[in-house]
Structure formats: C-alpha cells, structure tokens
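Structure data follow from run-v3.pdb (PDB, C-alpha atoms and all ligand atoms):
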```pdb
ATOM      1  CA  MET I   1     -48.285 -30.705  97.919  1.00  0.00           C
ATOM      2  CA  THR I   2     -50.843 -30.982  95.103  1.00  0.00           C
ATOM      3  CA  SER I   3     -52.713 -27.860  94.081  1.00  0.00           C
ATOM      4  CA  GLN I   4     -56.190 -27.788  92.561  1.00  0.00           C
ATOM      5  CA  VAL I   5     -55.115 -25.791  89.542  1.00  0.00           C
ATOM      6  CA  SER I   6     -57.108 -25.943  86.342  1.00  0.00           C
ATOM      7  CA  SER I   7     -56.506 -24.203  83.055  1.00  0.00           C
ATOM      8  CA  LYS I   8     -59.139 -21.687  84.154  1.00  0.00           C
ATOM      9  CA  SER I   9     -57.321 -20.774  87.351  1.00  0.00           C
ATOM     10  CA  LEU I  10     -56.173 -17.252  87.837  1.00  0.00           C
ATOM     11  CA  LEU I  11     -52.401 -16.985  88.050  1.00  0.00           C
ATOM     12  CA  ILE I  12     -51.424 -16.019  91.569  1.00  0.00           C
ATOM     13  CA  LYS I  13     -48.524 -13.781  92.447  1.00  0.00           C
ATOM     14  CA  VAL I  14     -47.632 -13.219  96.089  1.00  0.00           C
ATOM     15  CA  CYS I  15     -45.393 -10.220  96.519  1.00  0.00           C
ATOM     16  CA  GLY I  16     -43.257  -8.528  99.124  1.00  0.00           C
ATOM     17  CA  MET I  17     -41.624 -11.172 101.354  1.00  0.00           C
ATOM     18  CA  ARG I  18     -38.203 -10.510 102.903  1.00  0.00           C
ATOM     19  CA  GLU I  19     -37.321 -13.271 105.368  1.00  0.00           C
ATOM     20  CA  SER I  20     -36.198 -16.807 104.419  1.00  0.00           C
ATOM     21  CA  ALA I  21     -38.620 -18.731 106.658  1.00  0.00           C
ATOM     22  CA  ASN I  22     -41.544 -16.636 105.476  1.00  0.00           C
ATOM     23  CA  ILE I  23     -40.517 -17.031 101.829  1.00  0.00           C
ATOM     24  CA  ALA I  24     -40.313 -20.816 102.277  1.00  0.00           C
ATOM     25  CA  ALA I  25     -43.743 -20.927 103.943  1.00  0.00           C
ATOM     26  CA  VAL I  26     -45.332 -18.937 101.104  1.00  0.00           C
ATOM     27  CA  ALA I  27     -43.502 -20.979  98.449  1.00  0.00           C
ATOM     28  CA  ASP I  28     -45.006 -24.149  99.967  1.00  0.00           C
ATOM     29  CA  LEU I  29     -48.398 -22.843  98.802  1.00  0.00           C
ATOM     30  CA  GLU I  30     -47.097 -23.001  95.217  1.00  0.00           C
ATOM     31  CA  PRO I  31     -48.149 -19.619  93.902  1.00  0.00           C
ATOM     32  CA  ASP I  32     -47.337 -19.056  90.226  1.00  0.00           C
ATOM     33  CA  PHE I  33     -45.100 -16.086  91.040  1.00  0.00           C
ATOM     34  CA  LEU I  34     -43.219 -14.877  94.078  1.00  0.00           C
ATOM     35  CA  GLY I  35     -42.343 -11.178  93.965  1.00  0.00           C
ATOM     36  CA  PHE I  36     -39.458  -9.479  95.778  1.00  0.00           C
ATOM     37  CA  ILE I  37     -39.218  -5.720  96.141  1.00  0.00           C
ATOM     38  CA  PHE I  38     -35.941  -4.136  95.008  1.00  0.00           C
ATOM     39  CA  TYR I  39     -37.020  -0.581  95.721  1.00  0.00           C
ATOM     40  CA  PRO I  40     -35.013   0.614  98.745  1.00  0.00           C
ATOM     41  CA  PRO I  41     -37.627   3.079 100.130  1.00  0.00           C
ATOM     42  CA  SER I  42     -40.171   0.247 100.496  1.00  0.00           C
ATOM     43  CA  SER I  43     -40.718  -1.366 103.886  1.00  0.00           C
ATOM     44  CA  ARG I  44     -40.729  -4.628 101.909  1.00  0.00           C
ATOM     45  CA  TYR I  45     -37.274  -4.087 100.443  1.00  0.00           C
ATOM     46  CA  ALA I  46     -35.726  -7.537 100.019  1.00  0.00           C
ATOM     47  CA  GLY I  47     -32.303  -6.644  98.631  1.00  0.00           C
ATOM     48  CA  ALA I  48     -30.544  -6.958 101.990  1.00  0.00           C
ATOM     49  CA  THR I  49     -32.147 -10.170 103.270  1.00  0.00           C
ATOM     50  CA  LEU I  50     -32.946 -12.306 100.228  1.00  0.00           C
ATOM     51  CA  ARG I  51     -30.734 -15.382  99.812  1.00  0.00           C
ATOM     52  CA  PRO I  52     -30.168 -16.444  96.191  1.00  0.00           C
ATOM     53  CA  GLU I  53     -29.688 -20.101  97.193  1.00  0.00           C
ATOM     54  CA  LEU I  54     -33.191 -20.166  98.658  1.00  0.00           C
ATOM     55  CA  LEU I  55     -34.634 -18.931  95.362  1.00  0.00           C
ATOM     56  CA  ARG I  56     -32.645 -21.469  93.370  1.00  0.00           C
ATOM     57  CA  ALA I  57     -34.086 -24.295  95.501  1.00  0.00           C
ATOM     58  CA  LEU I  58     -37.698 -23.349  94.710  1.00  0.00           C
ATOM     59  CA  PRO I  59     -39.740 -25.535  92.333  1.00  0.00           C
ATOM     60  CA  ALA I  60     -39.433 -24.369  88.726  1.00  0.00           C
ATOM     61  CA  SER I  61     -43.214 -23.872  88.628  1.00  0.00           C
ATOM     62  CA  VAL I  62     -42.821 -20.941  91.040  1.00  0.00           C
ATOM     63  CA  ARG I  63     -41.402 -18.099  88.999  1.00  0.00           C
ATOM     64  CA  THR I  64     -39.468 -15.448  90.889  1.00  0.00           C
ATOM     65  CA  ILE I  65     -39.930 -11.793  90.052  1.00  0.00           C
ATOM     66  CA  GLY I  66     -37.923  -8.753  91.128  1.00  0.00           C
ATOM     67  CA  VAL I  67     -39.966  -5.556  91.517  1.00  0.00           C
ATOM     68  CA  PHE I  68     -38.195  -2.341  90.487  1.00  0.00           C
ATOM     69  CA  VAL I  69     -39.108   1.340  90.312  1.00  0.00           C
ATOM     70  CA  ASP I  70     -37.232   3.434  87.729  1.00  0.00           C
ATOM     71  CA  GLU I  71     -34.029   1.484  88.265  1.00  0.00           C
ATOM     72  CA  PRO I  72     -31.454   1.755  85.444  1.00  0.00           C
ATOM     73  CA  ILE I  73     -31.922  -1.321  83.243  1.00  0.00           C
ATOM     74  CA  GLY I  74     -28.274  -2.326  83.669  1.00  0.00           C
ATOM     75  CA  ARG I  75     -28.864  -2.554  87.419  1.00  0.00           C
ATOM     76  CA  VAL I  76     -32.118  -4.473  86.908  1.00  0.00           C
ATOM     77  CA  LEU I  77     -30.257  -6.996  84.745  1.00  0.00           C
ATOM     78  CA  ALA I  78     -27.430  -7.309  87.281  1.00  0.00           C
ATOM     79  CA  THR I  79     -29.892  -7.894  90.130  1.00  0.00           C
ATOM     80  CA  LEU I  80     -31.909 -10.456  88.170  1.00  0.00           C
ATOM     81  CA  ALA I  81     -28.707 -12.350  87.369  1.00  0.00           C
ATOM     82  CA  SER I  82     -27.179 -12.232  90.836  1.00  0.00           C
ATOM     83  CA  PHE I  83     -30.366 -13.446  92.578  1.00  0.00           C
ATOM     84  CA  GLY I  84     -31.251 -15.931  89.819  1.00  0.00           C
ATOM     85  CA  LEU I  85     -34.670 -14.313  89.300  1.00  0.00           C
ATOM     86  CA  ASP I  86     -36.955 -15.267  86.410  1.00  0.00           C
ATOM     87  CA  GLY I  87     -38.295 -11.832  85.626  1.00  0.00           C
ATOM     88  CA  ALA I  88     -38.931  -8.208  86.477  1.00  0.00           C
ATOM     89  CA  GLN I  89     -41.992  -6.206  87.445  1.00  0.00           C
ATOM     90  CA  LEU I  90     -41.460  -2.570  86.528  1.00  0.00           C
ATOM     91  CA  HIS I  91     -43.405  -0.087  88.662  1.00  0.00           C
ATOM     92  CA  GLY I  92     -42.117   3.251  87.393  1.00  0.00           C
ATOM     93  CA  GLN I  93     -41.933   5.177  84.114  1.00  0.00           C
ATOM     94  CA  GLU I  94     -39.976   2.450  82.303  1.00  0.00           C
ATOM     95  CA  THR I  95     -40.292   2.666  78.511  1.00  0.00           C
ATOM     96  CA  PRO I  96     -41.412   0.019  75.995  1.00  0.00           C
ATOM     97  CA  ALA I  97     -37.785  -0.166  74.778  1.00  0.00           C
ATOM     98  CA  GLN I  98     -36.568  -0.942  78.299  1.00  0.00           C
ATOM     99  CA  CYS I  99     -39.203  -3.650  78.689  1.00  0.00           C
ATOM    100  CA  ALA I 100     -38.169  -5.110  75.341  1.00  0.00           C
ATOM    101  CA  GLN I 101     -34.505  -5.054  76.391  1.00  0.00           C
ATOM    102  CA  LEU I 102     -35.244  -7.172  79.456  1.00  0.00           C
ATOM    103  CA  ARG I 103     -37.391  -9.529  77.456  1.00  0.00           C
ATOM    104  CA  ALA I 104     -34.686  -9.918  74.795  1.00  0.00           C
ATOM    105  CA  ALA I 105     -32.326 -10.924  77.620  1.00  0.00           C
ATOM    106  CA  GLY I 106     -34.673 -13.837  78.357  1.00  0.00           C
ATOM    107  CA  TYR I 107     -36.561 -12.437  81.329  1.00  0.00           C
ATOM    108  CA  LEU I 108     -40.281 -12.400  81.932  1.00  0.00           C
ATOM    109  CA  VAL I 109     -41.517  -8.802  81.995  1.00  0.00           C
ATOM    110  CA  ILE I 110     -44.491  -7.458  83.943  1.00  0.00           C
ATOM    111  CA  LYS I 111     -45.149  -3.746  83.392  1.00  0.00           C
ATOM    112  CA  SER I 112     -47.218  -2.114  86.087  1.00  0.00           C
ATOM    113  CA  PHE I 113     -49.550   0.815  85.472  1.00  0.00           C
ATOM    114  CA  SER I 114     -51.050   3.010  88.128  1.00  0.00           C
ATOM    115  CA  VAL I 115     -54.836   3.383  87.895  1.00  0.00           C
ATOM    116  CA  GLY I 116     -56.733   6.377  89.242  1.00  0.00           C
ATOM    117  CA  LYS I 117     -60.285   7.438  88.455  1.00  0.00           C
ATOM    118  CA  VAL I 118     -59.765   6.874  84.717  1.00  0.00           C
ATOM    119  CA  LEU I 119     -57.652   4.487  82.677  1.00  0.00           C
ATOM    120  CA  GLU I 120     -56.310   5.609  79.303  1.00  0.00           C
ATOM    121  CA  LEU I 121     -55.826   2.209  77.696  1.00  0.00           C
ATOM    122  CA  GLU I 122     -54.623   3.692  74.382  1.00  0.00           C
ATOM    123  CA  SER I 123     -51.541   5.086  76.134  1.00  0.00           C
ATOM    124  CA  LEU I 124     -50.480   1.495  76.881  1.00  0.00           C
ATOM    125  CA  ARG I 125     -50.551   0.383  73.248  1.00  0.00           C
ATOM    126  CA  PRO I 126     -46.821   1.172  72.700  1.00  0.00           C
ATOM    127  CA  TYR I 127     -46.044  -1.501  75.325  1.00  0.00           C
ATOM    128  CA  GLU I 128     -47.826  -4.239  73.391  1.00  0.00           C
ATOM    129  CA  GLY I 129     -45.333  -6.922  72.334  1.00  0.00           C
ATOM    130  CA  SER I 130     -42.637  -5.846  74.809  1.00  0.00           C
ATOM    131  CA  CYS I 131     -44.188  -7.305  77.989  1.00  0.00           C
ATOM    132  CA  ASP I 132     -45.432 -10.725  79.013  1.00  0.00           C
ATOM    133  CA  TYR I 133     -48.057  -9.238  81.310  1.00  0.00           C
ATOM    134  CA  PHE I 134     -49.384  -5.860  82.307  1.00  0.00           C
ATOM    135  CA  LEU I 135     -50.297  -5.276  85.944  1.00  0.00           C
ATOM    136  CA  PHE I 136     -52.889  -2.754  87.043  1.00  0.00           C
ATOM    137  CA  ASP I 137     -52.329  -1.292  90.490  1.00  0.00           C
ATOM    138  CA  THR I 138     -54.119   1.500  92.317  1.00  0.00           C
ATOM    139  CA  HIS I 139     -52.655   4.989  92.248  1.00  0.00           C
ATOM    140  CA  GLY I 140     -51.717   6.080  95.762  1.00  0.00           C
ATOM    141  CA  PRO I 141     -49.169   7.962  97.849  1.00  0.00           C
ATOM    142  CA  ALA I 142     -46.524   5.193  97.584  1.00  0.00           C
ATOM    143  CA  ARG I 143     -45.108   3.676  94.383  1.00  0.00           C
ATOM    144  CA  GLY I 144     -46.792   0.361  95.220  1.00  0.00           C
ATOM    145  CA  GLY I 145     -48.162  -1.560  98.174  1.00  0.00           C
ATOM    146  CA  ASN I 146     -50.758   1.089  99.028  1.00  0.00           C
ATOM    147  CA  GLY I 147     -53.410  -1.480  99.966  1.00  0.00           C
ATOM    148  CA  LEU I 148     -56.035   0.403  97.944  1.00  0.00           C
ATOM    149  CA  THR I 149     -58.391  -1.021  95.324  1.00  0.00           C
ATOM    150  CA  PHE I 150     -59.553   0.739  92.155  1.00  0.00           C
ATOM    151  CA  ASP I 151     -62.747   0.377  90.165  1.00  0.00           C
ATOM    152  CA  TRP I 152     -62.127  -2.896  88.290  1.00  0.00           C
ATOM    153  CA  GLU I 153     -64.912  -2.010  85.843  1.00  0.00           C
ATOM    154  CA  LEU I 154     -62.424   0.391  84.219  1.00  0.00           C
ATOM    155  CA  LEU I 155     -61.024  -2.793  82.613  1.00  0.00           C
ATOM    156  CA  ARG I 156     -64.387  -3.932  81.254  1.00  0.00           C
ATOM    157  CA  ASN I 157     -63.543  -2.562  77.784  1.00  0.00           C
ATOM    158  CA  TYR I 158     -59.962  -3.830  77.694  1.00  0.00           C
ATOM    159  CA  THR I 159     -59.081  -4.452  74.053  1.00  0.00           C
ATOM    160  CA  LEU I 160     -55.292  -4.808  74.176  1.00  0.00           C
ATOM    161  CA  THR I 161     -53.674  -8.195  73.544  1.00  0.00           C
ATOM    162  CA  THR I 162     -51.287  -8.320  76.520  1.00  0.00           C
ATOM    163  CA  PRO I 163     -52.813 -10.344  79.372  1.00  0.00           C
ATOM    164  CA  TYR I 164     -52.778  -8.680  82.775  1.00  0.00           C
ATOM    165  CA  LEU I 165     -52.702  -9.243  86.516  1.00  0.00           C
ATOM    166  CA  LEU I 166     -54.997  -7.300  88.808  1.00  0.00           C
ATOM    167  CA  ALA I 167     -53.353  -5.699  91.854  1.00  0.00           C
ATOM    168  CA  GLY I 168     -53.995  -3.091  94.491  1.00  0.00           C
ATOM    169  CA  GLY I 169     -55.436  -3.835  97.901  1.00  0.00           C
ATOM    170  CA  LEU I 170     -56.608  -7.355  97.101  1.00  0.00           C
ATOM    171  CA  GLY I 171     -57.498  -9.014 100.389  1.00  0.00           C
ATOM    172  CA  PRO I 172     -59.022 -12.235 101.717  1.00  0.00           C
ATOM    173  CA  GLU I 173     -62.526 -10.801 101.312  1.00  0.00           C
ATOM    174  CA  HIS I 174     -62.033 -10.480  97.541  1.00  0.00           C
ATOM    175  CA  ALA I 175     -61.206 -14.142  96.828  1.00  0.00           C
ATOM    176  CA  VAL I 176     -64.680 -15.294  95.843  1.00  0.00           C
ATOM    177  CA  GLU I 177     -65.488 -12.117  93.904  1.00  0.00           C
ATOM    178  CA  LEU I 178     -62.251 -12.456  91.943  1.00  0.00           C
ATOM    179  CA  THR I 179     -63.112 -15.956  90.792  1.00  0.00           C
ATOM    180  CA  GLU I 180     -66.342 -14.577  89.370  1.00  0.00           C
ATOM    181  CA  LEU I 181     -64.729 -11.549  87.779  1.00  0.00           C
ATOM    182  CA  HIS I 182     -64.565 -12.305  84.080  1.00  0.00           C
ATOM    183  CA  LEU I 183     -62.874  -9.249  82.628  1.00  0.00           C
ATOM    184  CA  PRO I 184     -61.289  -9.383  79.168  1.00  0.00           C
ATOM    185  CA  GLY I 185     -57.546 -10.000  79.424  1.00  0.00           C
ATOM    186  CA  LEU I 186     -57.556 -10.803  83.145  1.00  0.00           C
ATOM    187  CA  VAL I 187     -55.297 -13.801  83.836  1.00  0.00           C
ATOM    188  CA  GLY I 188     -54.089 -13.330  87.369  1.00  0.00           C
ATOM    189  CA  VAL I 189     -53.985 -11.508  90.679  1.00  0.00           C
ATOM    190  CA  ASP I 190     -51.249 -10.043  92.826  1.00  0.00           C
ATOM    191  CA  LEU I 191     -51.533 -10.368  96.609  1.00  0.00           C
ATOM    192  CA  ASN I 192     -49.472  -8.161  98.858  1.00  0.00           C
ATOM    193  CA  SER I 193     -50.089  -5.902 101.850  1.00  0.00           C
ATOM    194  CA  ARG I 194     -53.562  -7.213 102.727  1.00  0.00           C
ATOM    195  CA  PHE I 195     -52.018 -10.593 103.557  1.00  0.00           C
ATOM    196  CA  GLU I 196     -49.434  -9.329 106.018  1.00  0.00           C
ATOM    197  CA  THR I 197     -49.017  -9.418 109.776  1.00  0.00           C
ATOM    198  CA  ALA I 198     -46.293  -6.747 109.420  1.00  0.00           C
ATOM    199  CA  PRO I 199     -44.757  -5.057 106.349  1.00  0.00           C
ATOM    200  CA  GLY I 200     -42.911  -7.763 104.399  1.00  0.00           C
ATOM    201  CA  LEU I 201     -44.217 -10.606 106.568  1.00  0.00           C
ATOM    202  CA  LYS I 202     -46.973 -12.637 104.925  1.00  0.00           C
ATOM    203  CA  ASP I 203     -49.559 -14.662 106.838  1.00  0.00           C
ATOM    204  CA  PRO I 204     -49.305 -18.170 105.282  1.00  0.00           C
ATOM    205  CA  GLN I 205     -52.624 -19.300 106.743  1.00  0.00           C
ATOM    206  CA  ARG I 206     -54.569 -16.363 105.306  1.00  0.00           C
ATOM    207  CA  LEU I 207     -52.853 -16.962 101.979  1.00  0.00           C
ATOM    208  CA  ARG I 208     -53.574 -20.702 102.056  1.00  0.00           C
ATOM    209  CA  THR I 209     -57.291 -20.052 102.468  1.00  0.00           C
ATOM    210  CA  ALA I 210     -57.378 -17.397  99.747  1.00  0.00           C
ATOM    211  CA  LEU I 211     -55.350 -19.476  97.257  1.00  0.00           C
ATOM    212  CA  ALA I 212     -57.628 -22.463  97.789  1.00  0.00           C
ATOM    213  CA  ARG I 213     -60.673 -20.261  97.181  1.00  0.00           C
ATOM    214  CA  LEU I 214     -59.165 -18.671  94.089  1.00  0.00           C
ATOM    215  CA  ARG I 215     -58.192 -22.027  92.621  1.00  0.00           C
ATOM    216  CA  GLN I 216     -61.356 -23.849  93.547  1.00  0.00           C
ATOM    217  CA  GLY I 217     -63.537 -20.987  92.419  1.00  0.00           C
ATOM    218  CA  ARG I 218     -62.343 -21.038  88.847  1.00  0.00           C
ATOM    219  CA  SER I 219     -62.090 -24.800  88.449  1.00  0.00           C
ATOM    220  CA  GLY I 220     -65.601 -25.323  89.852  1.00  0.00           C
ATOM    221  CA  ARG I 221     -67.049 -22.134  88.414  1.00  0.00           C
ATOM    222  CA  ASN I 222     -70.135 -21.967  90.632  1.00  0.00           C
ATOM    223  CA  SER I 223     -68.562 -23.285  93.789  1.00  0.00           C
ATOM    224  CA  ARG I 224     -68.924 -20.833  96.689  1.00  0.00           C
ATOM    225  CA  GLN I 225     -68.111 -23.348  99.407  1.00  0.00           C
ATOM    226  CA  ALA I 226     -65.739 -22.270 102.153  1.00  0.00           C
ATOM    227  CA  VAL I 227     -62.382 -23.987 102.465  1.00  0.00           C
TER     228      VAL I 227
HETATM  229  O1  LIG I 301     -45.176  -3.408  98.106  1.00  0.00           O
HETATM  230  C1  LIG I 301     -44.403  -2.472  97.957  1.00  0.00           C
HETATM  231  O2  LIG I 301     -43.860  -1.939  98.937  1.00  0.00           O
HETATM  232  C2  LIG I 301     -44.091  -1.951  96.587  1.00  0.00           C
HETATM  233  C3  LIG I 301     -43.182  -0.918  96.467  1.00  0.00           C
HETATM  234  C4  LIG I 301     -42.861  -0.421  95.229  1.00  0.00           C
HETATM  235  C5  LIG I 301     -43.434  -0.950  94.092  1.00  0.00           C
HETATM  236  C6  LIG I 301     -44.353  -1.977  94.187  1.00  0.00           C
HETATM  237  C7  LIG I 301     -44.707  -2.484  95.418  1.00  0.00           C
HETATM  238  N1  LIG I 301     -45.643  -3.504  95.547  1.00  0.00           N
HETATM  239  C8  LIG I 301     -46.582  -3.835  94.543  1.00  0.00           C
HETATM  240  O3  LIG I 301     -47.766  -3.059  94.737  1.00  0.00           O
HETATM  241  C9  LIG I 301     -48.868  -3.754  94.216  1.00  0.00           C
HETATM  242  C10 LIG I 301     -50.086  -3.596  95.085  1.00  0.00           C
HETATM  243  O4  LIG I 301     -49.861  -3.932  96.409  1.00  0.00           O
HETATM  244  P1  LIG I 301     -51.039  -3.869  97.515  1.00  0.00           P
HETATM  245  O5  LIG I 301     -51.883  -5.094  97.344  1.00  0.00           O
HETATM  246  O6  LIG I 301     -51.832  -2.629  97.276  1.00  0.00           O
HETATM  247  O7  LIG I 301     -50.351  -3.869  98.812  1.00  0.00           O
HETATM  248  C11 LIG I 301     -48.441  -5.188  94.021  1.00  0.00           C
HETATM  249  O8  LIG I 301     -48.333  -5.406  92.620  1.00  0.00           O
HETATM  250  C12 LIG I 301     -47.063  -5.266  94.609  1.00  0.00           C
HETATM  251  O9  LIG I 301     -46.250  -6.075  93.798  1.00  0.00           O
END
```
Just give me the structure as structure tokens.
Amino acid sequence: MTSQVSSKSLLIKVCGMRESANIAAVADLEPDFLGFIFYPPSSRYAGATLRPELLRALPASVRTIGVFVDEPIGRVLATLASFGLDGAQLHGQETPAQCAQLRAAGYLVIKSFSVGKVLELESLRPYEGSCDYFLFDTHGPARGGNGLTFDWELLRNYTLTTPYLLAGGLGPEHAVELTELHLPGLVGVDLNSRFETAPGLKDPQRLRTALARLRQGRSGRNSRQAV
C-alpha cells in the first residue's frame, strides 16, 4: 500500500492493540509507530497476547514501541529485547538518567508527561537530550488511555528542543483540526481509546479515514476534502 506521506506529515502512533489480527490490520495502514501496553493494570495490556514473530514481520518503517509505567529499567530492557521492540514510551515518574540508559542501549525513547490545567515546561528541561520525543497526555484517573483532551494552547509557548507527540483523547473528529494545528515542536499524534470498538481492539476503518485525513491535510495544507 502506498501512503500519501510528505515531509510535513504528522507522525502517527497508534497505541494499545492486543490481538494479532487487529495488530496486522492496523499495521496495514502503515502508521509510523505501533504502541503496545506493558502495564498489567491496563485493559490494553499486551504482554500476554503479543507474538514477537508478528512484530518482526512488520515493515521496518513501522516502529514498535512498548509502553511502560514505572517499570524497573532492567525489566523494560528485557521486554524490549524479548519482543524485538524498537523503543519505549515511559508513562510514569521515570528519570532523565533512566531515559538516557534506554537510549544508550539503542532504543528510541518517548517520555510521556501528564498535563492538567497548567504545564510547567521548565520542569521538563532536565529530560532534554535523553529522549527522542516527549509525549503530552491528559492527566486523568488512569495512568494513560483516559480518552480526555487537554488545552493544546498550553503548548503554544513551547521552547524546548525535544520534538513531541500530542496525545490524550484524540478522536476522528480532531483529524482536520490537528492538520491545522501548528504548535512549536509538534511532530506527531498518538491515537488510542477513541479509535476502539472495545478496550484494546482498534477500528481499522475509523483509523484508515483519520490517517488519510491527517496525511492529506498536511501535504495539501488547505485541503479540507473528505476522504
Ligand atoms: O492506554 C492505556 O491503557 C495506557 C495505560 C498506561 C499508560 C499509557 C496508556 N496509553 C497511552 O495513553 C495515551 C492517551 O490515550 P487516549 O487517547 O487518551 O486513550 C496514549 O499515549 C497511549 O499511548
């Protein structure tokens, strides 16, 4: 399948699949990242169902990311190696040194930060240089996957150098708005619970439509046409 990706396209991460057939269907859409939750309390926990051979058969352009919450770094490294994952998304209180340790081991590192009514960007400065991307997710009752958006304008004055993905309750209705959202540092989006028919089960058709809109929107900047 050929995607309409341009250098201006937002990177797209689809997160939280568990079942092989569903993973294959989402991978066919060629997102930039596929995320798998390795946090046992999550209803999207993939540790028991994910087959490493399926991940190894994916195109190299689709990078696979394990999502962890305050997991000891030794266990993160062991999981990344045993599933053949390309990187880790860290959703807890992981330190800059822990991020740097994963990066030094050759893994892509996405550090997630929980955003409430305010965002103290200066507190993230110690993470600069130890992560490939930051990810901004909405603060909520669960550690991730709350399906809630935050006020994206809190990122209007972003001055850090680490590029970031926007997350938190992004749904099909946001696709056009996201293509027109030109925030400093924004390079991608993370799609999760708003694209599900059940926890951990993504709707490939809803994703196909949204990915086409996201990709088309940025390559043809003013295009609002439906796909
Ligand atoms: O999805 C989960 O269950 C989850 C659990 C623990 C940590 C992260 C999790 N998901 C991440 O949450 C954000 C936002 O998801 P949503 O769009 O609000 O449903 C996303 O980055 C997921 O990777």
Evaluate the PyMOL selection byres (((chain I and resi 170-185) around 10) and not hetatm) and record the selected residues as an mmCIF file with C-alpha atoms, in the coordinates of the input, following the chain and residue labels used in the document.
```
data_model
loop_
_atom_site.group_PDB
_atom_site.id
_atom_site.type_symbol
_atom_site.label_atom_id
_atom_site.label_comp_id
_atom_site.auth_asym_id
_atom_site.auth_seq_id
_atom_site.Cartn_x
_atom_site.Cartn_y
_atom_site.Cartn_z
ATOM 1 C CA LYS I 8 -59.139 -21.687 84.154
ATOM 2 C CA SER I 9 -57.321 -20.774 87.351
ATOM 3 C CA LEU I 10 -56.173 -17.252 87.837
ATOM 4 C CA TYR I 133 -48.057 -9.238 81.310
ATOM 5 C CA PHE I 134 -49.384 -5.860 82.307
ATOM 6 C CA ASP I 137 -52.329 -1.292 90.490
ATOM 7 C CA GLY I 147 -53.410 -1.480 99.966
ATOM 8 C CA LEU I 148 -56.035 0.403 97.944
ATOM 9 C CA THR I 149 -58.391 -1.021 95.324
ATOM 10 C CA PHE I 150 -59.553 0.739 92.155
ATOM 11 C CA TRP I 152 -62.127 -2.896 88.290
ATOM 12 C CA GLU I 153 -64.912 -2.010 85.843
ATOM 13 C CA LEU I 154 -62.424 0.391 84.219
ATOM 14 C CA LEU I 155 -61.024 -2.793 82.613
ATOM 15 C CA ARG I 156 -64.387 -3.932 81.254
ATOM 16 C CA ASN I 157 -63.543 -2.562 77.784
ATOM 17 C CA TYR I 158 -59.962 -3.830 77.694
ATOM 18 C CA THR I 159 -59.081 -4.452 74.053
ATOM 19 C CA LEU I 160 -55.292 -4.808 74.176
ATOM 20 C CA THR I 161 -53.674 -8.195 73.544
ATOM 21 C CA THR I 162 -51.287 -8.320 76.520
ATOM 22 C CA PRO I 163 -52.813 -10.344 79.372
ATOM 23 C CA TYR I 164 -52.778 -8.680 82.775
ATOM 24 C CA LEU I 165 -52.702 -9.243 86.516
ATOM 25 C CA LEU I 166 -54.997 -7.300 88.808
ATOM 26 C CA ALA I 167 -53.353 -5.699 91.854
ATOM 27 C CA GLY I 168 -53.995 -3.091 94.491
ATOM 28 C CA GLY I 169 -55.436 -3.835 97.901
ATOM 29 C CA LEU I 186 -57.556 -10.803 83.145
ATOM 30 C CA VAL I 187 -55.297 -13.801 83.836
ATOM 31 C CA GLY I 188 -54.089 -13.330 87.369
ATOM 32 C CA VAL I 189 -53.985 -11.508 90.679
ATOM 33 C CA ASP I 190 -51.249 -10.043 92.826
ATOM 34 C CA LEU I 191 -51.533 -10.368 96.609
ATOM 35 C CA ASN I 192 -49.472 -8.161 98.858
ATOM 36 C CA SER I 193 -50.089 -5.902 101.850
ATOM 37 C CA ARG I 194 -53.562 -7.213 102.727
ATOM 38 C CA PHE I 195 -52.018 -10.593 103.557
ATOM 39 C CA GLU I 196 -49.434 -9.329 106.018
ATOM 40 C CA ARG I 206 -54.569 -16.363 105.306
ATOM 41 C CA LEU I 207 -52.853 -16.962 101.979
ATOM 42 C CA THR I 209 -57.291 -20.052 102.468
ATOM 43 C CA ALA I 210 -57.378 -17.397 99.747
ATOM 44 C CA LEU I 211 -55.350 -19.476 97.257
ATOM 45 C CA ALA I 212 -57.628 -22.463 97.789
ATOM 46 C CA ARG I 213 -60.673 -20.261 97.181
ATOM 47 C CA LEU I 214 -59.165 -18.671 94.089
ATOM 48 C CA ARG I 215 -58.192 -22.027 92.621
ATOM 49 C CA GLN I 216 -61.356 -23.849 93.547
ATOM 50 C CA GLY I 217 -63.537 -20.987 92.419
ATOM 51 C CA ARG I 218 -62.343 -21.038 88.847
ATOM 52 C CA SER I 219 -62.090 -24.800 88.449
ATOM 53 C CA GLY I 220 -65.601 -25.323 89.852
ATOM 54 C CA ARG I 221 -67.049 -22.134 88.414
ATOM 55 C CA ASN I 222 -70.135 -21.967 90.632
ATOM 56 C CA SER I 223 -68.562 -23.285 93.789
ATOM 57 C CA ARG I 224 -68.924 -20.833 96.689
ATOM 58 C CA GLN I 225 -68.111 -23.348 99.407
ATOM 59 C CA ALA I 226 -65.739 -22.270 102.153
#
```
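Taking atom CA of Ile110 of chain I as the reference point, atom CA of Ala21 of chain I is found at 26.0 Å.
Going from atom CA of Asp28 of chain I to atom CA of Val14 of chain I covers 11.9 Å.
What separates atom CA of Arg44 of chain I from atom CA of Arg18 of chain I is a distance of 6.5 Å.
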Residues at most 12 Å from segment 77-79 of chain I, counting all atoms listed in the file, excluding those fewer than 3 positions away in the same chain, as an NGL selection string?
:I and (36-39 or 46-48 or 50 or 52 or 65-68 or 71-74 or 82-88 or 98-99 or 101-109)
Closest of I:Leu11, I:Leu121, I:Leu34, I:Leu80 to ligand LIG 301 (chain I), counting only C-alpha atoms and all ligand atoms, is I:Leu34
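Take the candidates I:Leu201, I:Val69, I:Leu124, I:Leu55 and check each one against ligand LIG 301 (chain I) using all atoms listed in the file; the shortest distance goes to I:Val69.
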One residue among I:Ala24, I:Val76, I:Glu30, I:Ser42 is nearest to Leu54 of chain I when using all atoms listed in the file, and that residue is I:Ala24
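Closest approach to Arg63 of chain I from the set I:Gly129, I:Pro41, I:Lys13, I:Gln205 is made by I:Lys13, with distances taken over only C-alpha atoms.
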Please determine an axis-aligned box that encloses all atoms of ligand LIG 301 (chain I) listed in the file, with 8 Å added on each side, and express its centre and edge lengths in Å to one decimal as JSON.
```
{"center_x": -47.4, "center_y": -3.2, "center_z": 95.8, "size_x": 25.0, "size_y": 21.7, "size_z": 22.3}
```
Measuring between only C-alpha atoms and all ligand atoms, which one of I:Pro59, I:Pro96, I:Gly116, I:Gly144 shows the shortest distance to ligand LIG 301 (chain I)?
I:Gly144
With all atoms listed in the file as the atoms that count, which of I:Cys131, I:Leu90, I:Ala27, I:Ala60 lies nearest to ligand LIG 301 (chain I)?
I:Leu90
List the neighbours of Ser61 of chain I out to 9 Å using all atoms listed in the file; skip same-chain residues closer than 6 positions along the sequence, and give me the result as JSON, numbers by chain.
{"I": [30, 31, 32, 33]}
